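Participant: Pasting input_35.txt here (compact mmCIF, C-alpha atoms):
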```
# COMPACT_ATOMS: atom_id res chain seq x y z
CA MET A 1 16.48 8.54 0.43
CA PRO A 2 14.47 11.73 1.01
CA ARG A 3 16.20 14.48 2.92
CA PRO A 4 15.00 15.19 6.45
CA THR A 5 12.26 17.80 6.33
CA GLY A 6 10.39 19.34 9.25
CA LEU A 7 7.64 16.97 10.25
CA PHE A 8 9.26 13.70 9.21
CA ASP A 9 12.75 13.79 10.65
CA GLY A 10 15.75 11.80 9.49
CA ASN A 11 15.05 8.91 11.82
CA LEU A 12 11.88 7.97 9.97
CA ALA A 13 13.82 7.78 6.70
CA LEU A 14 16.50 5.70 8.40
CA LEU A 15 13.87 3.32 9.81
CA GLU A 16 12.34 3.01 6.35
CA ARG A 17 15.74 2.07 4.93
CA ALA A 18 16.22 -0.41 7.78
CA LEU A 19 12.89 -2.07 6.88
CA ASP A 20 13.98 -2.28 3.22
CA LEU A 21 17.33 -3.83 4.11
CA ARG A 22 15.82 -6.25 6.63
CA SER A 23 13.31 -7.56 4.11
CA ALA A 24 16.12 -7.94 1.55
CA GLN A 25 18.08 -9.82 4.20
CA HIS A 26 15.08 -12.07 4.84
CA ARG A 27 14.96 -12.84 1.16
CA ALA A 28 18.67 -13.69 1.07
CA LEU A 29 18.37 -15.98 4.10
CA SER A 30 15.29 -17.69 2.60
CA ALA A 31 17.29 -18.32 -0.56
CA ASN A 32 20.06 -19.90 1.51
CA ILE A 33 17.57 -22.14 3.33
CA ALA A 34 15.82 -23.18 0.11
CA ASN A 35 19.22 -24.08 -1.35
CA ALA A 36 20.56 -25.92 1.69
CA ASP A 37 20.80 -29.11 -0.42
CA THR A 38 21.87 -27.60 -3.75
CA PRO A 39 25.37 -28.71 -4.83
CA HIS A 40 27.95 -25.89 -5.22
CA TYR A 41 25.54 -23.25 -3.88
CA LYS A 42 27.35 -20.38 -2.13
CA ALA A 43 25.53 -18.78 0.81
CA PHE A 44 25.24 -14.98 0.90
CA GLU A 45 23.65 -12.29 3.03
CA VAL A 46 22.91 -8.57 3.05
CA ALA A 47 25.38 -6.40 4.96
CA VAL A 48 22.56 -4.57 6.79
CA GLU A 49 24.55 -2.83 9.53
CA GLU A 50 27.25 -1.59 7.14
CA ALA A 51 24.66 -0.24 4.71
CA LEU A 52 22.83 1.59 7.49
CA ALA A 53 26.09 3.12 8.77
CA ARG A 54 26.96 4.29 5.25
CA ASN A 55 23.45 5.64 4.82
CA ARG A 56 23.98 7.96 7.76
CA ALA A 57 27.25 9.24 6.34
CA VAL A 58 25.83 10.28 2.95
CA ALA A 59 22.61 11.86 4.23
CA GLY A 60 22.13 15.32 2.81
CA ARG A 61 23.67 14.75 -0.64
CA ILE A 62 22.03 15.83 -3.89
CA GLU A 63 19.81 13.22 -5.50
CA ALA A 64 18.25 12.54 -8.86
CA VAL A 65 14.49 12.35 -8.52
CA ARG A 66 12.40 9.78 -10.36
CA THR A 67 9.28 11.61 -11.50
CA GLN A 68 7.91 8.54 -13.26
CA GLU A 69 7.57 5.06 -11.86
CA ARG A 70 8.92 3.67 -15.17
CA HIS A 71 12.20 5.62 -15.11
CA LEU A 72 15.29 3.50 -14.55
CA PRO A 73 16.87 4.34 -11.22
CA ALA A 74 19.61 6.99 -11.46
CA PRO A 75 23.07 5.68 -10.47
CA ALA A 76 23.23 7.24 -7.01
CA ASP A 77 19.65 6.17 -6.39
CA ALA A 78 20.34 2.67 -7.67
CA ALA A 79 23.48 2.34 -5.56
CA ALA A 80 21.47 3.33 -2.52
CA ALA A 81 18.61 1.00 -3.37
CA ARG A 82 20.78 -2.02 -4.13
CA PRO A 83 21.31 -3.96 -0.93
CA PRO A 84 25.04 -4.68 -0.48
CA LEU A 85 25.54 -8.44 -0.60
CA ARG A 86 28.42 -10.44 0.77
CA ALA A 87 29.27 -14.10 0.56
CA LEU A 88 29.19 -16.10 3.76
CA ALA A 89 32.19 -18.21 4.70
CA ALA A 90 31.68 -21.95 4.74
CA PRO A 91 31.20 -23.32 8.26
CA ALA A 92 34.43 -24.34 9.93
CA PHE A 93 35.17 -28.08 9.79
CA SER A 94 32.44 -28.67 7.25
CA LEU A 95 32.21 -32.34 6.30
CA ARG A 96 30.17 -31.70 3.17
CA ALA A 97 31.66 -32.81 -0.12
CA ASP A 98 29.22 -31.02 -2.46
CA GLY A 99 30.74 -27.50 -2.24
CA ASN A 100 27.63 -26.07 -0.55
CA THR A 101 28.43 -23.40 2.08
CA VAL A 102 25.02 -23.10 3.81
CA ASP A 103 25.15 -23.46 7.58
CA LEU A 104 21.51 -24.24 8.34
CA ASP A 105 21.66 -23.66 12.12
CA ARG A 106 23.43 -20.33 11.76
CA THR A 107 20.99 -19.29 9.04
CA MET A 108 17.94 -20.13 11.16
CA GLY A 109 19.43 -18.08 14.00
CA ALA A 110 20.09 -15.14 11.68
CA LEU A 111 16.52 -15.48 10.31
CA ALA A 112 14.97 -15.19 13.78
CA GLU A 113 17.23 -12.28 14.68
CA ASN A 114 16.47 -10.48 11.42
CA ALA A 115 12.71 -10.96 11.80
CA LEU A 116 12.89 -9.52 15.31
CA ALA A 117 14.88 -6.49 14.11
CA TYR A 118 12.34 -5.95 11.30
CA LYS A 119 9.43 -6.05 13.72
CA THR A 120 11.25 -3.65 16.04
CA SER A 121 11.78 -1.14 13.22
CA ALA A 122 8.14 -1.49 12.12
CA GLN A 123 6.98 -0.88 15.67
CA LEU A 124 9.20 2.22 15.95
CA VAL A 125 7.78 3.63 12.72
CA GLY A 126 4.28 3.02 14.04
CA ALA A 127 5.09 4.68 17.37
CA LYS A 128 6.57 7.71 15.61
CA LEU A 129 3.47 8.15 13.45
CA LYS A 130 1.27 7.66 16.47
CA SER A 131 3.04 10.43 18.39
CA LEU A 132 2.71 12.71 15.32
CA ARG A 133 -1.02 12.03 15.22
CA ASN A 134 -1.18 12.75 18.92
CA VAL A 135 0.35 16.18 18.29
CA ILE A 136 -1.96 16.85 15.33
CA THR A 137 -5.10 16.06 17.27
CA GLY A 138 -3.83 18.03 20.22
CA GLY A 139 -3.73 15.00 22.50
CA ARG A 140 -7.45 14.31 22.20
CA MET B 1 8.44 -6.78 -2.83
CA ASP B 2 11.18 -8.60 -1.00
CA LEU B 3 8.91 -10.44 1.42
CA TYR B 4 6.77 -11.88 -1.38
CA ASP B 5 9.94 -12.93 -3.22
CA ALA B 6 11.20 -14.52 -0.02
CA MET B 7 7.95 -16.49 0.35
CA ARG B 8 8.16 -17.64 -3.26
CA THR B 9 11.76 -18.73 -2.71
CA SER B 10 10.78 -20.68 0.40
CA ALA B 11 7.86 -22.24 -1.50
CA SER B 12 10.29 -23.47 -4.15
CA GLY B 13 12.33 -24.99 -1.32
CA LEU B 14 9.25 -26.68 0.13
CA SER B 15 8.29 -28.18 -3.21
CA ALA B 16 11.87 -29.36 -3.86
CA GLN B 17 12.11 -31.07 -0.48
CA ARG B 18 8.70 -32.68 -0.98
CA LEU B 19 9.88 -34.13 -4.29
CA ARG B 20 12.94 -35.49 -2.47
CA MET B 21 10.68 -37.11 0.15
CA ASN B 22 8.50 -38.63 -2.57
CA LEU B 23 11.54 -40.22 -4.20
CA ILE B 24 12.71 -41.59 -0.85
CA SER B 25 9.24 -43.10 -0.32
CA ALA B 26 9.38 -44.66 -3.77
CA ASN B 27 12.83 -46.11 -2.97
CA LEU B 28 11.61 -47.59 0.31
CA ALA B 29 8.40 -48.94 -1.22
CA ASN B 30 10.38 -50.71 -3.94
CA VAL B 31 13.06 -52.18 -1.71
CA ASN B 32 12.21 -55.71 -2.94
CA THR B 33 10.96 -54.96 -6.47
CA THR B 34 12.60 -57.24 -9.01
CA ARG B 35 10.55 -56.37 -12.08
CA THR B 36 10.19 -52.93 -13.71
CA ALA B 37 8.92 -51.63 -17.05
CA GLU B 38 12.54 -51.08 -18.17
CA GLY B 39 13.44 -54.62 -17.10
CA GLY B 40 15.61 -55.76 -14.22
CA PRO B 41 15.25 -54.76 -10.59
CA TYR B 42 14.10 -51.30 -9.44
CA ARG B 43 16.83 -48.65 -9.52
CA ARG B 44 17.19 -46.27 -6.61
CA ARG B 45 16.40 -42.65 -7.59
CA GLU B 46 17.65 -39.36 -6.29
CA VAL B 47 17.03 -35.71 -7.24
CA VAL B 48 19.71 -33.10 -8.01
CA PHE B 49 18.87 -29.48 -7.16
CA GLN B 50 19.90 -26.29 -8.93
CA ALA B 51 19.75 -22.64 -7.85
CA VAL B 52 18.00 -20.43 -10.42
CA PRO B 53 17.47 -16.65 -10.55
CA PRO B 54 13.80 -15.77 -10.16
CA ALA B 55 13.59 -13.56 -13.29
CA ARG B 56 10.21 -13.49 -15.03
CA GLY B 57 10.04 -11.54 -18.28
CA PHE B 58 12.03 -8.56 -19.56
CA GLY B 59 10.60 -5.80 -17.37
CA GLU B 60 11.02 -7.86 -14.27
CA ALA B 61 14.58 -8.82 -15.25
CA MET B 62 15.44 -5.15 -15.91
CA ARG B 63 14.08 -4.06 -12.55
CA ARG B 64 16.03 -6.78 -10.81
CA ALA B 65 19.25 -5.91 -12.62
CA ALA B 66 18.85 -2.33 -11.40
CA THR B 67 18.11 -3.27 -7.80
CA ALA B 68 19.19 -6.63 -6.47
CA ALA B 69 19.08 -10.25 -7.24
CA PRO B 70 21.52 -13.04 -7.17
CA PRO B 71 19.91 -16.50 -7.52
CA SER B 72 17.62 -17.83 -5.71
CA GLU B 73 14.92 -20.19 -6.03
CA VAL B 74 15.68 -23.88 -6.03
CA ARG B 75 14.61 -26.11 -8.89
CA PRO B 76 14.93 -29.86 -9.36
CA LEU B 77 17.51 -30.14 -12.16
CA LYS B 78 17.21 -33.87 -12.85
CA ILE B 79 16.40 -37.20 -11.29
CA ILE B 80 19.34 -39.56 -11.37
CA GLU B 81 19.33 -43.35 -11.08
CA ASP B 82 21.76 -45.01 -8.76
CA VAL B 83 24.74 -46.61 -10.50
CA ARG B 84 25.45 -49.14 -7.77
CA PRO B 85 25.03 -52.73 -8.99
CA PRO B 86 22.01 -54.69 -7.73
CA VAL B 87 22.45 -56.84 -4.66
CA LEU B 88 22.53 -60.58 -5.43
CA LYS B 89 20.68 -62.87 -3.06
CA TYR B 90 20.59 -66.65 -3.22
CA ASP B 91 16.95 -67.65 -3.53
CA PRO B 92 16.47 -70.45 -6.11
CA GLY B 93 12.71 -70.59 -5.53
CA HIS B 94 12.20 -67.00 -6.66
CA PRO B 95 10.59 -66.65 -10.12
CA ASP B 96 13.20 -64.02 -11.11
CA ALA B 97 16.23 -66.07 -10.03
CA ASP B 98 18.94 -66.64 -12.66
CA GLU B 99 20.28 -70.10 -13.63
CA ASN B 100 22.59 -70.11 -10.55
CA GLY B 101 19.67 -69.39 -8.22
CA TYR B 102 20.57 -65.71 -7.52
CA VAL B 103 17.97 -62.93 -7.48
CA ALA B 104 19.05 -59.34 -8.33
CA LEU B 105 17.53 -57.00 -5.72
CA PRO B 106 17.55 -53.18 -5.81
CA SER B 107 20.57 -51.54 -4.16
CA VAL B 108 18.30 -49.68 -1.72
CA ASN B 109 19.83 -49.30 1.72
CA VAL B 110 16.98 -48.73 4.19
CA MET B 111 19.28 -47.05 6.71
CA GLU B 112 20.55 -44.61 4.09
CA GLU B 113 17.01 -43.76 2.96
CA MET B 114 15.88 -43.11 6.52
CA VAL B 115 18.80 -40.71 7.09
CA ASN B 116 17.95 -38.91 3.84
CA LEU B 117 14.31 -38.76 4.89
CA MET B 118 15.24 -37.07 8.17
CA SER B 119 17.47 -34.60 6.36
CA ALA B 120 14.67 -33.77 3.89
CA THR B 121 12.16 -33.34 6.74
CA ARG B 122 14.48 -30.93 8.58
CA SER B 123 15.05 -28.90 5.41
CA TYR B 124 11.29 -28.80 4.79
CA GLU B 125 10.69 -27.51 8.33
CA ALA B 126 13.42 -24.87 7.91
CA ASN B 127 11.69 -23.54 4.78
CA LEU B 128 8.35 -23.60 6.57
CA ASN B 129 9.84 -21.53 9.40
CA ALA B 130 11.13 -19.01 6.87
CA VAL B 131 7.61 -18.66 5.41
CA ARG B 132 6.18 -18.20 8.89
CA ALA B 133 8.75 -15.50 9.70
CA ALA B 134 8.01 -13.66 6.43
CA ARG B 135 4.29 -13.75 7.24
CA GLU B 136 4.84 -12.31 10.71
CA MET B 137 7.05 -9.56 9.30
CA ALA B 138 4.46 -8.60 6.68
CA LEU B 139 1.69 -8.54 9.29
CA LYS B 140 3.82 -6.33 11.52
CA ALA B 141 4.41 -3.94 8.62
CA LEU B 142 0.63 -3.78 8.07
CA GLU B 143 0.24 -2.55 11.63
CA ILE B 144 2.17 0.65 10.83
CA GLY B 145 -0.21 3.61 10.99
CA LYS B 146 -2.89 1.80 12.95
```
Can you turn what I pasted into structure tokens?
Facilitator:
Amino acid sequence: MPRPTGLFDGNLALLERALDLRSAQHRALSANIANADTPHYKAFEVAVEEALARNRAVAGRIEAVRTQERHLPAPADAAAARPPLRALAAPAFSLRADGNTVDLDRTMGALAENALAYKTSAQLVGAKLKSLRNVITGGR
Amino acid sequence: MDLYDAMRTSASGLSAQRLRMNLISANLANVNTTRTAEGGPYRRREVVFQAVPPARGFGEAMRRAATAAPPSEVRPLKIIEDVRPPVLKYDPGHPDADENGYVALPSVNVMEEMVNLMSATRSYEANLNAVRAAREMALKALEIGK
């Protein structure tokens, strides 16, 4: 996570992280939906809100910089990049006997909510860049 | 990229559910089949799914180990044949009747197949919705900077 510098304030970095986490969440939810009929599959999701809250707290720390695309991520970097996963509890009063914990209705709801949050973040990033461009061109 | 991975995952779900639907169709089509290549009446088939990690090659696996990635595409593990005994029906005129006049018919329960078919259709639609959502998200991301 780059440190806030002049033109691009901390909010832009936070929005970028939010987009990352939301797309990771979408991937997790898609995996749950694809495996809705897989025996013994355990549903999981990305703890997006918690990760974003933690992200705020550690802003401003010292980071290792990857100067080459092929470098392995440094520990702090990797910990920040890895989306925190958590297992989802099986639905209450589940009548399934195959050990699968996917709640399809809940997952579809979470999917719609997550997609909306992603689009909101993307729109905010766009609006921020637009206002920057407005300043650069002097409002013309 | 996570959204591409998500689409691939959903695609694996679509293909798995389609296979399930194909097997259900085969079961329904053969509800009265008394002769098969293996001999005896048709045996009802069903697919068992398995969750697999989407690793492809060493570099990819390394990158995933450093970032994220529990399972999760779905793959058909095997196709199992039903172990229920065939249903015996008294029909002495049937060419496949035994000496007592009973014909062994497949243990396909039409009601059960229809319920499975509905379940497979719903799962297919859920995967399709996930693909649609991923597409919308990617398009929205492309609008940044416009």
Participant: Given only C-alpha atoms, how would the per-residue table for chain A near chain B read, listing every residue at most 9 Å away with its closest atom pair and distance in Å to one decimal, sorted by chain and number, as a tab-separated table?
Facilitator:
```
residue	atom	partner	partner_atom	distance
A:Leu19	CA	B:Ala141	CA	8.9
A:Asp20	CA	B:Asp2	CA	8.1
A:Ser23	CA	B:Asp2	CA	5.6
A:Ala24	CA	B:Asp2	CA	5.6
A:Gln25	CA	B:Asp2	CA	8.7
A:His26	CA	B:Ala6	CA	6.7
A:Arg27	CA	B:Ala6	CA	4.3
A:Ala28	CA	B:Ala6	CA	7.6
A:Leu29	CA	B:Ala130	CA	8.3
A:Ser30	CA	B:Ala6	CA	5.8
A:Ala31	CA	B:Ser72	CA	5.2
A:Asn32	CA	B:Ser72	CA	7.9
A:Ile33	CA	B:Asn127	CA	6.2
A:Ala34	CA	B:Gly13	CA	4.2
A:Asn35	CA	B:Val74	CA	5.9
A:Ala36	CA	B:Ser123	CA	7.3
A:Asp37	CA	B:Phe49	CA	7.0
A:Thr38	CA	B:Phe49	CA	4.9
A:Pro39	CA	B:Phe49	CA	6.9
A:His40	CA	B:Gln50	CA	8.9
A:Tyr41	CA	B:Ala51	CA	7.0
A:Leu72	CA	B:Ala66	CA	7.5
A:Pro73	CA	B:Ala66	CA	7.0
A:Ala78	CA	B:Thr67	CA	6.3
A:Ala79	CA	B:Thr67	CA	8.1
A:Ala81	CA	B:Thr67	CA	6.2
A:Arg82	CA	B:Thr67	CA	4.7
A:Pro83	CA	B:Ala68	CA	6.5
A:Pro84	CA	B:Ala68	CA	8.6
A:Leu85	CA	B:Ala68	CA	8.8
A:Leu104	CA	B:Ala126	CA	8.1
A:Met108	CA	B:Ala126	CA	7.3
A:Leu111	CA	B:Ala130	CA	7.3
A:Ala112	CA	B:Ala133	CA	7.4
A:Ala115	CA	B:Met137	CA	6.3
A:Leu116	CA	B:Met137	CA	8.4
A:Tyr118	CA	B:Met137	CA	6.7
A:Lys119	CA	B:Lys140	CA	6.0
A:Ala122	CA	B:Ala141	CA	5.7
A:Gln123	CA	B:Ile144	CA	7.0
A:Leu124	CA	B:Ile144	CA	8.8
A:Val125	CA	B:Ile144	CA	6.6
A:Gly126	CA	B:Ile144	CA	4.5
A:Ala127	CA	B:Ile144	CA	8.2
A:Leu129	CA	B:Gly145	CA	6.3
A:Lys130	CA	B:Gly145	CA	7.0
```
Participant: Could you tell me how far CA of Leu88 (chain B) sits from CA of Asn32 (chain B), in Å to one decimal place?
Facilitator: 11.7 Å
Participant: Using only C-alpha atoms, which of the listed residues (A:Asp9, A:Thr107, A:Thr67, A:Ala18) sits closest to Leu132 (chain A)?
Facilitator: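 Looking at the shortest contact to Leu132 (chain A), the residue is A:Asp9.
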Participant: Applying 7 Å and all atoms listed in the file, which residues near Pro86 (chain B) remain after dropping the ones on its own chain fewer than 4 positions away? List them as a list of chain:residue names.
Facilitator: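 Contacts, with the query itself left out: B:Ala104, B:Leu105, B:Pro106, B:Ser107.
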Participant: Interatomic distance between CA of Lys128 (chain A) and CA of Arg140 (chain A)?
Facilitator: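 Computed distance, CA of Lys128 (chain A) to CA of Arg140 (chain A), equals 16.8 Å.
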Participant: What does the structure give for the distance between CA of Pro85 (chain B) and CA of Thr121 (chain B), in Å to one decimal?
Facilitator: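 So the two atoms, CA of Pro85 (chain B) and CA of Thr121 (chain B), lie 28.1 Å apart.
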Participant: Which residue gives the smallest distance to Tyr42 (chain B) among B:Ala97, B:Val108, B:Leu19, B:Val115, with all atoms listed in the file counted?
Facilitator: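 Going through B:Ala97, B:Val108, B:Leu19, B:Val115 one by one, the smallest distance to Tyr42 (chain B) is for B:Val108.
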Participant: Near Gly101 (chain B), within 7 Å and counting all atoms listed in the file, which residues show up once chain neighbours fewer than 2 positions away are dropped, as an NGL selection string?
Facilitator: :B and (90-92 or 97-99 or 103)
Participant: Between A:Leu95, A:Gly138, A:Gln68, A:Arg86, which one has atoms that come closest to Glu50 (chain A), using only C-alpha atoms?
Facilitator: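 For Glu50 (chain A), the nearest of the given residues is A:Arg86.
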